[in-house]
Every structure is written in C-alpha cells, then in structure tokens.
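Source file: query-v5.cif; contents: mmCIF, C-alpha atoms.
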data_run
loop_
_atom_site.label_atom_id
_atom_site.label_comp_id
_atom_site.auth_asym_id
_atom_site.auth_seq_id
_atom_site.Cartn_x
_atom_site.Cartn_y
_atom_site.Cartn_z
CA MET A 180 9.69 -81.22 33.97
CA ALA A 181 8.87 -81.94 30.33
CA ARG A 182 10.87 -82.47 27.14
CA ALA A 183 11.16 -80.16 24.14
CA ALA A 184 13.26 -79.94 20.99
CA GLN A 185 15.41 -76.83 20.99
CA TYR A 186 18.61 -75.29 19.62
CA ASP A 187 21.23 -72.94 21.01
CA GLN A 188 22.75 -71.61 17.78
CA TYR A 189 21.98 -71.27 14.09
CA GLY A 190 22.84 -74.20 11.87
CA GLY A 191 21.69 -77.41 10.24
CA PRO A 192 19.51 -80.10 11.79
CA GLU A 193 22.46 -81.22 13.93
CA VAL A 194 22.09 -78.19 16.22
CA LEU A 195 18.78 -79.55 17.50
CA HIS A 196 18.54 -81.57 20.68
CA VAL A 197 15.90 -82.63 23.19
CA ALA A 198 16.15 -80.87 26.54
CA GLU A 199 14.24 -80.84 29.80
CA VAL A 200 12.09 -77.74 30.17
CA PRO A 201 9.79 -76.48 32.93
CA THR A 202 6.29 -77.92 33.03
CA ALA A 203 3.91 -75.70 31.09
CA SER A 204 1.31 -73.48 32.79
CA ALA A 205 -1.57 -71.62 31.18
CA GLY A 206 -2.07 -67.87 31.48
CA PRO A 207 -5.22 -65.90 30.63
CA GLY A 208 -6.79 -67.14 27.41
CA ASP A 209 -4.27 -69.98 27.14
CA VAL A 210 -4.40 -73.75 27.44
CA VAL A 211 -1.81 -76.46 27.99
CA VAL A 212 -1.85 -79.16 25.31
CA GLN A 213 -0.34 -82.61 25.70
CA VAL A 214 1.22 -82.97 22.26
CA HIS A 215 0.31 -86.06 20.24
CA ALA A 216 1.67 -84.81 16.90
CA ALA A 217 3.73 -81.80 15.77
CA GLY A 218 4.20 -81.04 12.09
CA LEU A 219 7.51 -79.72 10.76
CA ASN A 220 7.70 -77.13 7.99
CA PRO A 221 10.40 -75.74 5.70
CA PHE A 222 9.86 -72.38 7.40
CA ASP A 223 11.00 -73.91 10.71
CA ALA A 224 14.23 -75.05 9.06
CA LYS A 225 14.84 -71.60 7.56
CA VAL A 226 14.45 -69.91 10.94
CA ARG A 227 16.73 -72.48 12.59
CA SER A 228 19.40 -71.98 9.92
CA GLY A 229 19.28 -68.21 10.28
CA SER A 230 18.13 -67.55 6.72
CA ILE A 231 14.93 -66.04 8.14
CA PRO A 232 16.00 -63.72 10.97
CA THR A 233 14.24 -63.49 14.32
CA ASP A 234 15.01 -61.66 17.54
CA ALA A 235 13.98 -64.55 19.80
CA PRO A 236 16.71 -65.40 22.32
CA PHE A 237 18.49 -68.74 22.52
CA PRO A 238 17.74 -71.44 23.43
CA ARG A 239 14.82 -71.60 21.02
CA ARG A 240 12.15 -74.24 20.70
CA ILE A 241 10.87 -75.28 17.29
CA ALA A 242 7.71 -76.11 15.29
CA SER A 243 4.26 -74.54 15.48
CA ASP A 244 1.83 -77.15 14.09
CA VAL A 245 0.20 -79.14 16.86
CA ALA A 246 -2.48 -81.70 17.67
CA GLY A 247 -3.13 -83.07 21.13
CA THR A 248 -5.28 -83.10 24.24
CA VAL A 249 -6.03 -80.10 26.45
CA THR A 250 -4.76 -80.80 29.98
CA ALA A 251 -5.09 -77.40 31.69
CA LEU A 252 -6.93 -74.12 31.18
CA GLY A 253 -6.11 -70.50 31.86
CA PRO A 254 -8.82 -67.99 32.76
CA GLY A 255 -11.13 -67.10 29.86
CA ALA A 256 -9.88 -69.83 27.49
CA THR A 257 -12.28 -69.91 24.54
CA TYR A 258 -12.10 -71.16 20.96
CA TRP A 259 -12.33 -68.92 17.89
CA ASP A 260 -16.13 -69.24 17.96
CA GLY A 261 -16.40 -68.15 21.59
CA SER A 262 -17.17 -71.61 22.96
CA ALA A 263 -15.41 -72.69 26.13
CA VAL A 264 -12.44 -75.03 25.99
CA GLN A 265 -12.70 -78.09 28.23
CA VAL A 266 -9.96 -80.23 29.74
CA GLY A 267 -9.84 -83.40 27.64
CA ASP A 268 -10.72 -81.69 24.34
CA GLU A 269 -8.89 -83.09 21.32
CA VAL A 270 -7.53 -80.09 19.40
CA LEU A 271 -5.32 -78.96 16.54
CA GLY A 272 -3.86 -75.64 15.53
CA ARG A 273 -0.89 -73.40 16.24
CA ALA A 274 1.41 -73.32 19.26
CA ALA A 275 4.98 -72.01 19.40
CA GLY A 276 7.52 -74.70 20.24
CA ALA A 277 5.17 -77.58 19.45
CA ALA A 278 7.89 -80.23 19.09
CA ALA A 279 7.61 -81.13 22.75
CA ASP A 280 5.74 -83.28 25.25
CA GLU A 281 3.46 -80.37 26.07
CA VAL A 282 2.98 -76.83 24.91
CA VAL A 283 1.08 -73.66 25.80
CA ALA A 284 -1.28 -72.38 23.09
CA HIS A 285 -3.68 -69.48 22.76
CA ALA A 286 -7.10 -71.12 22.86
CA SER A 287 -8.28 -68.95 19.94
CA ASP A 288 -5.52 -70.48 17.76
CA LEU A 289 -7.00 -73.96 18.23
CA THR A 290 -10.02 -75.85 16.99
CA ARG A 291 -11.55 -79.17 17.95
CA ARG A 292 -10.24 -82.20 16.06
CA PRO A 293 -12.99 -84.07 14.20
CA SER A 294 -13.15 -87.77 15.08
CA GLY A 295 -12.46 -88.78 11.48
CA LEU A 296 -9.21 -86.81 11.23
CA PRO A 297 -6.12 -88.88 12.17
CA VAL A 298 -4.02 -87.16 14.79
CA GLU A 299 -0.87 -87.35 12.62
CA ALA A 300 -2.59 -85.42 9.81
CA ALA A 301 -4.12 -82.98 12.31
CA GLY A 302 -0.68 -82.30 13.74
CA GLY A 303 0.71 -81.23 10.38
CA LEU A 304 -2.23 -79.31 8.96
CA ASN A 305 -2.04 -75.78 10.35
CA VAL A 306 0.72 -74.11 8.33
CA ALA A 307 0.32 -76.01 5.05
CA GLY A 308 -3.45 -75.93 5.07
CA LEU A 309 -3.88 -72.29 5.99
CA THR A 310 -1.15 -71.18 3.61
CA ALA A 311 -3.06 -72.93 0.82
CA VAL A 312 -6.28 -71.18 1.86
CA SER A 313 -4.40 -67.86 1.86
CA ILE A 314 -3.11 -68.46 -1.65
CA LEU A 315 -6.61 -68.94 -3.00
CA ARG A 316 -7.86 -65.87 -1.13
CA THR A 317 -5.06 -63.80 -2.66
CA ALA A 318 -5.85 -64.94 -6.21
CA PRO A 319 -9.30 -66.58 -6.26
CA VAL A 320 -10.16 -68.95 -9.09
CA GLY A 321 -13.27 -70.37 -10.72
CA ALA A 322 -14.52 -72.40 -13.64
CA ASP A 323 -13.02 -70.04 -16.23
CA ASP A 324 -9.48 -70.36 -14.83
CA THR A 325 -6.57 -72.65 -15.60
CA VAL A 326 -4.15 -72.66 -12.68
CA LEU A 327 -0.48 -73.62 -12.71
CA VAL A 328 0.58 -74.85 -9.26
CA GLY A 329 4.34 -75.06 -8.77
CA GLY A 330 5.18 -77.92 -6.41
CA ALA A 331 1.70 -79.44 -6.50
CA ALA A 332 2.77 -82.61 -4.66
CA GLY A 333 4.21 -80.68 -1.70
CA GLY A 334 2.42 -79.98 1.56
CA VAL A 335 1.01 -76.58 0.57
CA GLY A 336 0.75 -77.25 -3.15
CA PHE A 337 -1.27 -80.45 -2.76
CA VAL A 338 -3.90 -78.68 -0.67
CA ALA A 339 -3.95 -75.59 -2.90
CA ALA A 340 -4.34 -77.72 -6.02
CA GLN A 341 -7.28 -79.60 -4.51
CA LEU A 342 -8.95 -76.38 -3.37
CA ALA A 343 -8.58 -74.95 -6.87
CA VAL A 344 -10.11 -78.11 -8.38
CA ALA A 345 -12.99 -77.86 -5.90
CA ALA A 346 -13.52 -74.24 -7.01
CA GLY A 347 -14.05 -75.50 -10.57
CA ALA A 348 -10.71 -74.51 -12.08
CA THR A 349 -8.58 -76.61 -14.40
CA VAL A 350 -5.36 -77.28 -12.50
CA ILE A 351 -1.92 -78.07 -13.91
CA GLY A 352 0.65 -79.07 -11.30
CA THR A 353 4.42 -79.40 -11.49
CA ALA A 354 5.87 -82.48 -9.80
CA SER A 355 8.47 -85.17 -10.25
CA GLU A 356 7.42 -88.07 -12.46
CA ALA A 357 7.03 -90.31 -9.41
CA ASN A 358 4.20 -88.08 -8.14
CA HIS A 359 2.23 -87.66 -11.35
CA ASP A 360 -0.25 -90.42 -10.55
CA LEU A 361 -0.90 -88.84 -7.15
CA LEU A 362 -1.83 -85.57 -8.84
CA ARG A 363 -4.05 -87.30 -11.38
CA SER A 364 -5.89 -89.01 -8.52
CA VAL A 365 -7.15 -85.61 -7.26
CA GLY A 366 -7.98 -84.19 -10.69
CA VAL A 367 -4.74 -82.33 -11.38
CA VAL A 368 -2.97 -82.48 -14.74
CA PRO A 369 0.69 -83.22 -13.96
CA VAL A 370 3.64 -81.66 -15.74
CA ALA A 371 7.38 -82.18 -15.20
CA TYR A 372 9.68 -79.64 -13.61
CA GLY A 373 12.67 -78.19 -15.40
CA ALA A 374 13.75 -76.41 -18.54
CA GLY A 375 11.00 -75.91 -21.08
CA LEU A 376 8.24 -75.77 -18.46
CA ALA A 377 6.42 -72.89 -20.16
CA ASP A 378 6.28 -74.78 -23.45
CA ARG A 379 4.93 -77.93 -21.76
CA VAL A 380 2.29 -75.92 -19.94
CA ARG A 381 1.34 -73.96 -23.07
CA ALA A 382 0.57 -77.25 -24.78
CA LEU A 383 -1.94 -78.06 -22.03
CA GLY A 384 -3.92 -74.82 -22.13
CA ALA A 385 -3.93 -71.07 -21.56
CA VAL A 386 -2.94 -70.43 -17.94
CA THR A 387 -4.70 -67.58 -16.13
CA VAL A 388 -3.31 -67.98 -12.59
CA VAL A 389 0.01 -69.19 -11.09
CA TYR A 390 0.59 -70.38 -7.52
CA ASP A 391 4.24 -70.77 -6.49
CA CYS A 392 4.35 -73.42 -3.77
CA HIS A 393 7.89 -74.59 -4.50
CA GLY A 394 10.16 -72.04 -6.14
CA ARG A 395 10.76 -69.62 -8.96
CA ASP A 396 10.17 -71.92 -11.97
CA ALA A 397 6.36 -71.68 -12.04
CA LEU A 398 6.46 -67.89 -11.73
CA ASP A 399 9.00 -67.55 -14.52
CA ALA A 400 6.80 -69.78 -16.67
CA GLY A 401 3.86 -67.54 -15.80
CA VAL A 402 5.77 -64.49 -17.02
CA GLU A 403 6.59 -66.29 -20.27
CA LEU A 404 2.93 -67.25 -20.61
CA SER A 405 1.82 -63.61 -20.07
CA VAL A 406 -0.04 -64.25 -16.83
CA PRO A 407 -0.69 -60.86 -15.12
CA ALA A 408 1.45 -60.26 -12.03
CA ASP A 409 -1.63 -59.73 -9.88
CA ARG A 410 -2.79 -63.25 -10.78
CA MET A 411 0.42 -64.87 -9.56
CA VAL A 412 1.13 -65.67 -5.90
CA ALA A 413 4.49 -66.52 -4.31
CA ILE A 414 5.07 -68.33 -1.03
CA ALA A 415 8.51 -69.84 -1.70
CA ALA A 416 10.24 -67.51 -4.18
CA TYR A 417 10.25 -64.45 -1.91
CA ASP A 418 12.49 -62.49 -4.29
CA ALA A 419 9.80 -62.60 -6.95
CA VAL A 420 7.40 -60.50 -4.88
CA ASP A 421 9.46 -57.36 -5.46
CA GLU A 422 11.23 -58.37 -8.66
CA LEU A 423 8.15 -59.50 -10.59
CA GLY A 424 5.50 -57.62 -8.64
CA VAL A 425 3.56 -60.78 -7.86
CA GLY A 426 1.41 -61.20 -4.78
CA ASN A 427 2.56 -62.60 -1.46
CA ALA A 428 -0.14 -64.78 0.11
CA GLU A 429 -2.30 -62.66 2.42
CA ARG A 430 -2.40 -63.66 6.07
CA GLU A 431 -5.93 -62.70 7.07
CA ALA A 432 -7.28 -66.14 6.08
CA ARG A 433 -4.91 -67.98 8.43
CA THR A 434 -7.50 -68.43 11.15
CA ALA A 435 -8.64 -71.25 13.38
CA GLU A 436 -12.07 -70.97 11.77
CA ASN A 437 -10.61 -71.80 8.34
CA LEU A 438 -8.51 -74.55 9.91
CA ALA A 439 -11.71 -76.06 11.31
CA GLY A 440 -13.17 -76.08 7.81
CA LEU A 441 -10.15 -77.86 6.38
CA ALA A 442 -10.19 -80.40 9.20
CA GLU A 443 -13.82 -81.23 8.48
CA GLU A 444 -13.12 -81.62 4.76
CA ILE A 445 -10.30 -84.09 5.44
CA ALA A 446 -12.33 -85.98 8.04
CA ALA A 447 -15.17 -86.33 5.52
CA GLY A 448 -12.82 -87.59 2.79
CA ARG A 449 -13.36 -84.62 0.49
CA LEU A 450 -9.76 -83.40 0.86
CA ARG A 451 -6.62 -85.50 1.05
CA PHE A 452 -3.72 -84.60 3.32
CA PRO A 453 -1.07 -87.33 3.43
CA VAL A 454 1.59 -87.81 6.08
CA ALA A 455 4.88 -88.95 4.57
CA ARG A 456 6.56 -90.15 7.75
CA THR A 457 6.50 -89.82 11.51
CA PHE A 458 9.46 -89.61 13.91
CA PRO A 459 9.69 -89.81 17.70
CA LEU A 460 10.77 -86.62 19.44
CA ASP A 461 14.18 -88.12 20.23
CA GLN A 462 14.81 -88.32 16.46
CA ILE A 463 14.24 -84.61 15.85
CA VAL A 464 17.51 -84.31 13.89
CA ALA A 465 16.51 -87.12 11.52
CA ALA A 466 13.04 -85.61 11.20
CA PHE A 467 14.45 -82.29 9.99
CA GLU A 468 16.89 -84.06 7.69
CA ALA A 469 13.80 -85.57 6.08
CA VAL A 470 12.07 -82.17 5.85
CA GLU A 471 15.11 -80.70 4.12
CA SER A 472 15.55 -83.51 1.59
CA SER A 473 13.38 -85.05 -1.08
CA HIS A 474 10.79 -87.34 0.46
CA ALA A 475 7.49 -88.96 -0.35
CA PRO A 476 4.53 -86.59 -0.68
CA GLY A 477 3.04 -85.48 2.60
CA LYS A 478 4.05 -83.99 5.91
CA ILE A 479 6.87 -84.93 8.24
CA VAL A 480 5.40 -85.19 11.74
CA VAL A 481 6.98 -85.68 15.18
CA ILE A 482 5.17 -87.92 17.66
CA PRO A 483 6.39 -87.17 21.23
#
File written out as structure tokens:
Amino acid sequence: MARAAQYDQYGGPEVLHVAEVPTASAGPGDVVVQVHAAGLNPFDAKVRSGSIPTDAPFPRRIASDVAGTVTALGPGATYWDGSAVQVGDEVLGRAAGAAADEVVAHASDLTRRPSGLPVEAAGGLNVAGLTAVSILRTAPVGADDTVLVGGAAGGVGFVAAQLAVAAGATVIGTASEANHDLLRSVGVVPVAYGAGLADRVRALGAVTVVYDCHGRDALDAGVELSVPADRMVAIAAYDAVDELGVGNAEREARTAENLAGLAEEIAAGRLRFPVARTFPLDQIVAAFEAVESSHAPGKIVVIP
C-alpha cells in the first residue's frame, strides 16, 4: 500500500485527508514515479471546492505537478522525444493525483530533471511554467511591446514576466508593495494593485499587451488603455473571455518538450522560479490553506 491525499466531497481544505491506496502499477506507455515533490495550484483548489466541475468519482486524489524518481516501467514507455525511460531516471512533469508517495504518469508527459534544478522547484513547475509559455504563445511580444502583467509576483505571472523580458519587451507588473523589489530584480517595472491602476500604468508607458495572471483588474485597465482584445490574455478572469472578447491561453504549448526547456533555463540560472514553502504530505490541509491565502512569492510544494 501507499499513501495519497484525497477527498470524498466538495469543500474547503478541511475535506482533504491522507489515505492508504493500492500500490501503483504501470500500464502501456506509463511509468511509476516515487514522488519527491508535488506542486499545488489554485486550479486544484477550485476543482476540490466544486467551483470547476468535473465528472470524476469520489474519492478523488489531488495535484498534478510532480518531480521524482522512476521506479517501474510499462511497455513502450518513452519520453516526448522518443527516448526510452529508465528505472532510476529523475523526472518532472504531469501526473494526476501527484500529492502521494507514488503516482502513475504517462511517460510522454515527463521530462528528465536537469541536475541543477532543485527537486522542490521541479515539482512545482509544470502548470505554472507551461501556462506562462501558453500565454506568450497566445499573444507573442517583442522589443516594440510594453506588457502589463497582472499578478506578476505569482507563480504564473513571475514566469510570464521573465519570458516577456527575455523576448525584449518592456514589462510592467502589478504586485503588492512587498514584492516590488522582487520584480525589479528580474527587470520588471512594478506597479501597485487597486483603484487607479490604468492611470498609474499610463504614466509608465503605452501598453500594447495585457496578461491576466491574477484577476480582472489588469484586463479592465487594458480596456481603459485601449489595448486591442486580441492582445489581451486571461487565465484567471474566465468571465472576461466572453465578456471582453479577450484570448484564453492556448493549450498546444503545454508540452513536455517546452517543460524541458523551462527546466534547463532554471537550472542554468537564466530563469528564476522560487518555492515559497514546502509541507509534508500529512500537512496537506495546511498546504492548501497556504495556497488559498496570501503568501510569499513562489510555489507551495508538498514533500511526501
């Protein structure tokens, strides 16, 4: 038997508990991963609360970001590039129900973990990192652009802001005052949240692109600043996709190949991806309470 975090009904973090589950086995194209780190995301909390519906039966396991060691292989298990997976490989990627001692993953959803990438960061990278890549694919930027990133100190926003800077754009990022120095350290011009955002941004330059990585405020500022709807992307303010006609981040870029690229950038020190705090699996309730409250910049990660 193994342990996994799961829940039997919709609700807050308190519905989560750690239960014994059958030992994992790998089918065709799959691998078993001993989990060393599992990142938690706001999306996980929304599914658990019932605000994002799913037909999956109870009890349900939780989390999908994973880093760990391959312990067993199914027939035909190969990475995204066609290379064979080996028992003992250190990997990161996506696996349903990752907040557990072990998990089954499709081998093509994984990539090898570079030696310079800490396992805690690797365990939280998949969703935030690939969502950021998707945002930039939906509305690409270059040296002629000034980008407003809403929630630039958050998990997705911090990566998206850095990718936009690397693409040559001028980047303005909304964040609380406590996180302004963090944004400056990666070349982002910080600006405070709240009423009057459009006026504060207007004073910094003419914005050509808006990335919503936090909520509606950046998109509303973009409308006030006459940014075209097709140059605004929403990942948090879902209502704005239909109401304002803005883009929803495309999903085609959310691949293990792109995850491998991000992992290499972090390992080489060209991209920063902080971990705010780690929790043991037995503290899964406290871990989600941290996810759903204000916390230091970076990911919340469970260490089984």
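Proximity of A:Ser405, A:Ala279, A:Asn437, A:Pro236 to Asp461 of chain A, computed with all atoms listed in the file, is greatest for A:Ala279.
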Output the residue selection produced by the PyMOL selection byres ((chain A and resi 260-263) around 10) on the file above, formatted as a PyMOL selection string. chain A and resi 252+255-259+264-266+286-287+290+435-436
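Of the listed residues (A:Thr202, A:Gln213, A:Thr434, A:Thr317), A:Gln213 comes nearest to Gly247 of chain A; the distances count all atoms listed in the file.
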Can you write out as CSV which residues of segment 322-438 of chain A fall within 12 Å of segment 449-459 of chain A, alongside each residue's closest atom pair and its distance in Å to one decimal, counting all atoms listed in the file and ordering rows by chain and ascending residue number?
residue,atom,partner,partner_atom,distance
A:Ala332,CA,A:Pro453,CA,10.1
A:Gly333,CA,A:Pro453,CA,9.9
A:Gly334,CA,A:Phe452,CA,7.9
A:Val335,CA,A:Phe452,CA,9.7
A:Gly336,CA,A:Phe452,CA,10.8
A:Phe337,CA,A:Phe452,CA,7.8
A:Val338,CA,A:Phe452,CA,7.1
A:Ala339,CA,A:Leu450,CA,10.4
A:Ala340,CA,A:Leu450,CA,10.4
A:Gln341,CA,A:Leu450,CA,7.0
A:Leu342,CA,A:Leu450,CA,8.2
A:Ala343,CA,A:Leu450,CA,11.5
A:Val344,CA,A:Leu450,CA,10.7
A:Ala345,CA,A:Arg449,CA,9.3
A:Leu361,CA,A:Arg451,CA,10.5
A:Leu362,CA,A:Arg451,CA,11.0
A:Ser364,CA,A:Arg451,CA,10.2
A:Val365,CA,A:Arg451,CA,8.3
A:Gly366,CA,A:Leu450,CA,11.7
Just to confirm, what's the straight-line distance from atom CA of Asp209 of chain A to atom CA of Val283 of chain A in Å (one decimal)? 6.6 Å
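Put simply, the PyMOL selection byres ((chain A and resi 370) around 8) on this file hits Ile351, Gly352, Thr353, Ala354, His359, Val368, Pro369, Ala371, Tyr372, Leu376, Arg379 and Val380 of chain A.
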If the PyMOL selection byres ((chain A and resi 426) around 7) is run on the structure shown, which residues does it catch, given as an MDAnalysis selection string? chainID A and resid 409 411:413 420 424:425 427:428
Taking 3 positions as the minimum chain separation for residues in the same chain, which residues sit within 9 Å of Val270 of chain A when counting all atoms listed in the file? Answer as a list in words. Val212, Val245, Ala246, Gly247, Thr248, Val249, Leu289, Thr290, Arg291, Arg292, Pro293 and Ala301 of chain A
How would the residues just picked look written out with C-alpha atoms as an mmCIF file, keeping the file's coordinate frame?
data_model
loop_
_atom_site.group_PDB
_atom_site.id
_atom_site.type_symbol
_atom_site.label_atom_id
_atom_site.label_comp_id
_atom_site.auth_asym_id
_atom_site.auth_seq_id
_atom_site.Cartn_x
_atom_site.Cartn_y
_atom_site.Cartn_z
ATOM 1 C CA VAL A 212 -1.850 -79.160 25.310
ATOM 2 C CA VAL A 245 0.200 -79.140 16.860
ATOM 3 C CA ALA A 246 -2.480 -81.700 17.670
ATOM 4 C CA GLY A 247 -3.130 -83.070 21.130
ATOM 5 C CA THR A 248 -5.280 -83.100 24.240
ATOM 6 C CA VAL A 249 -6.030 -80.100 26.450
ATOM 7 C CA LEU A 289 -7.000 -73.960 18.230
ATOM 8 C CA THR A 290 -10.020 -75.850 16.990
ATOM 9 C CA ARG A 291 -11.550 -79.170 17.950
ATOM 10 C CA ARG A 292 -10.240 -82.200 16.060
ATOM 11 C CA PRO A 293 -12.990 -84.070 14.200
ATOM 12 C CA ALA A 301 -4.120 -82.980 12.310
#
Two-atom distance - atom CA of Ala432 of chain A, atom CA of Val480 of chain A (Å):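 Distance between the two atoms: 23.6 Å.
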How many Å separate atom CA of Ala466 of chain A from atom CA of Asp391 of chain A?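 Calculated distance between atom CA of Ala466 of chain A and atom CA of Asp391 of chain A is 24.7 Å.
Take the candidates A:Glu429, A:Asp244, A:Glu443, A:Asp399 and check each one against Ala318 of chain A using only C-alpha atoms; the shortest distance goes to A:Glu429.
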Name all residues at most 9 Å from Gln188 of chain A (count only C-alpha atoms; drop same-chain ones fewer than 6 positions away) and give them as a ChimeraX atom specification. /A:194-195,227-229,237-239
In file coordinates, which residues lie within 12 Å of (5.4, -71.8, 2.9) using all atoms listed in the file, given as a PyMOL selection string? chain A and resi 219-225+305-314+330+333-336+339+390-394+412-417+427-430
Of the residues A:Val464, A:Ala275, A:His196, A:Pro476, which is the one nearest to Asp360 of chain A, using only C-alpha atoms?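 Closest to Asp360 of chain A of all the choices is A:Pro476.
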Which residue gives the smallest distance to Val402 of chain A among A:Gly384, A:Leu327, A:Ser294, A:Asp187, with only C-alpha atoms counted?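 Of A:Gly384, A:Leu327, A:Ser294, A:Asp187, the one nearest Val402 of chain A is A:Leu327, counting only C-alpha atoms.
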Return the single residue from A:Asp268, A:Asp323, A:Glu299, A:Asp378 that is closest to Gly401 of chain A, with distances computed using only C-alpha atoms. A:Asp378
Please export segment 269-352 of chain A as a compact mmCIF listing (two decimals), in the first residue's frame, restricted to C-alpha atoms.
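Final file, selection_26.txt:
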# COMPACT_ATOMS: atom_id res chain seq x y z
CA GLU A 269 14.95 11.71 -12.18
CA VAL A 270 11.90 13.31 -13.82
CA LEU A 271 9.38 16.13 -13.64
CA GLY A 272 6.09 16.80 -15.34
CA ARG A 273 2.41 15.99 -15.03
CA ALA A 274 0.71 13.11 -13.22
CA ALA A 275 -2.86 13.02 -11.90
CA GLY A 276 -3.04 12.66 -8.13
CA ALA A 277 0.58 13.67 -7.57
CA ALA A 278 0.20 14.52 -3.86
CA ALA A 279 1.13 10.98 -2.88
CA ASP A 280 4.02 8.66 -2.13
CA GLU A 281 3.94 7.36 -5.68
CA VAL A 282 1.98 8.05 -8.82
CA VAL A 283 1.42 6.66 -12.31
CA ALA A 284 2.31 9.06 -15.15
CA HIS A 285 2.27 8.88 -18.93
CA ALA A 286 5.94 8.80 -19.87
CA SER A 287 5.34 11.35 -22.65
CA ASP A 288 4.13 13.86 -20.01
CA LEU A 289 7.52 13.74 -18.27
CA THR A 290 11.00 15.04 -18.94
CA ARG A 291 14.34 14.41 -17.28
CA ARG A 292 15.22 16.73 -14.41
CA PRO A 293 18.45 18.66 -15.00
CA SER A 294 20.98 18.23 -12.20
CA GLY A 295 20.98 21.97 -11.46
CA LEU A 296 17.21 22.15 -10.90
CA PRO A 297 16.22 21.65 -7.23
CA VAL A 298 13.60 18.96 -6.83
CA GLU A 299 11.23 21.31 -4.96
CA ALA A 300 11.20 23.76 -7.88
CA ALA A 301 10.90 20.90 -10.38
CA GLY A 302 7.88 19.59 -8.50
CA GLY A 303 6.00 22.86 -8.86
CA LEU A 304 6.97 23.86 -12.38
CA ASN A 305 4.60 22.06 -14.74
CA VAL A 306 1.34 24.01 -14.50
CA ALA A 307 2.75 27.47 -13.75
CA GLY A 308 5.58 27.22 -16.23
CA LEU A 309 3.61 25.83 -19.14
CA THR A 310 0.72 28.21 -18.54
CA ALA A 311 3.20 31.08 -18.81
CA VAL A 312 4.57 29.65 -22.06
CA SER A 313 1.00 29.35 -23.37
CA ILE A 314 0.27 32.97 -22.54
CA LEU A 315 3.20 34.17 -24.61
CA ARG A 316 2.26 31.86 -27.48
CA THR A 317 -1.28 33.28 -27.45
CA ALA A 318 -0.07 36.90 -27.56
CA PRO A 319 3.62 36.95 -28.55
CA VAL A 320 5.70 40.00 -27.68
CA GLY A 321 8.94 41.61 -28.82
CA ALA A 322 11.09 44.69 -28.46
CA ASP A 323 8.32 47.05 -29.63
CA ASP A 324 5.87 45.91 -26.93
CA THR A 325 5.09 47.11 -23.44
CA VAL A 326 3.36 44.36 -21.50
CA LEU A 327 1.17 44.71 -18.41
CA VAL A 328 1.28 41.51 -16.35
CA GLY A 329 -1.45 41.26 -13.72
CA GLY A 330 -0.17 39.33 -10.71
CA ALA A 331 3.47 39.42 -11.80
CA ALA A 332 4.76 38.05 -8.48
CA GLY A 333 2.53 34.96 -8.63
CA GLY A 334 3.57 31.53 -9.87
CA VAL A 335 2.42 32.01 -13.48
CA GLY A 336 2.91 35.77 -13.63
CA PHE A 337 6.53 35.67 -12.45
CA VAL A 338 7.48 33.22 -15.20
CA ALA A 339 5.45 35.05 -17.86
CA ALA A 340 7.01 38.38 -16.91
CA GLN A 341 10.52 36.95 -17.18
CA LEU A 342 9.77 35.33 -20.54
CA ALA A 343 8.43 38.64 -21.84
CA VAL A 344 11.58 40.45 -20.63
CA ALA A 345 13.71 37.79 -22.34
CA ALA A 346 11.75 38.42 -25.56
CA GLY A 347 12.84 42.06 -25.42
CA ALA A 348 9.59 43.63 -24.23
CA THR A 349 9.22 46.30 -21.58
CA VAL A 350 7.26 44.69 -18.75
CA ILE A 351 5.08 46.37 -16.13
CA GLY A 352 3.85 44.06 -13.39
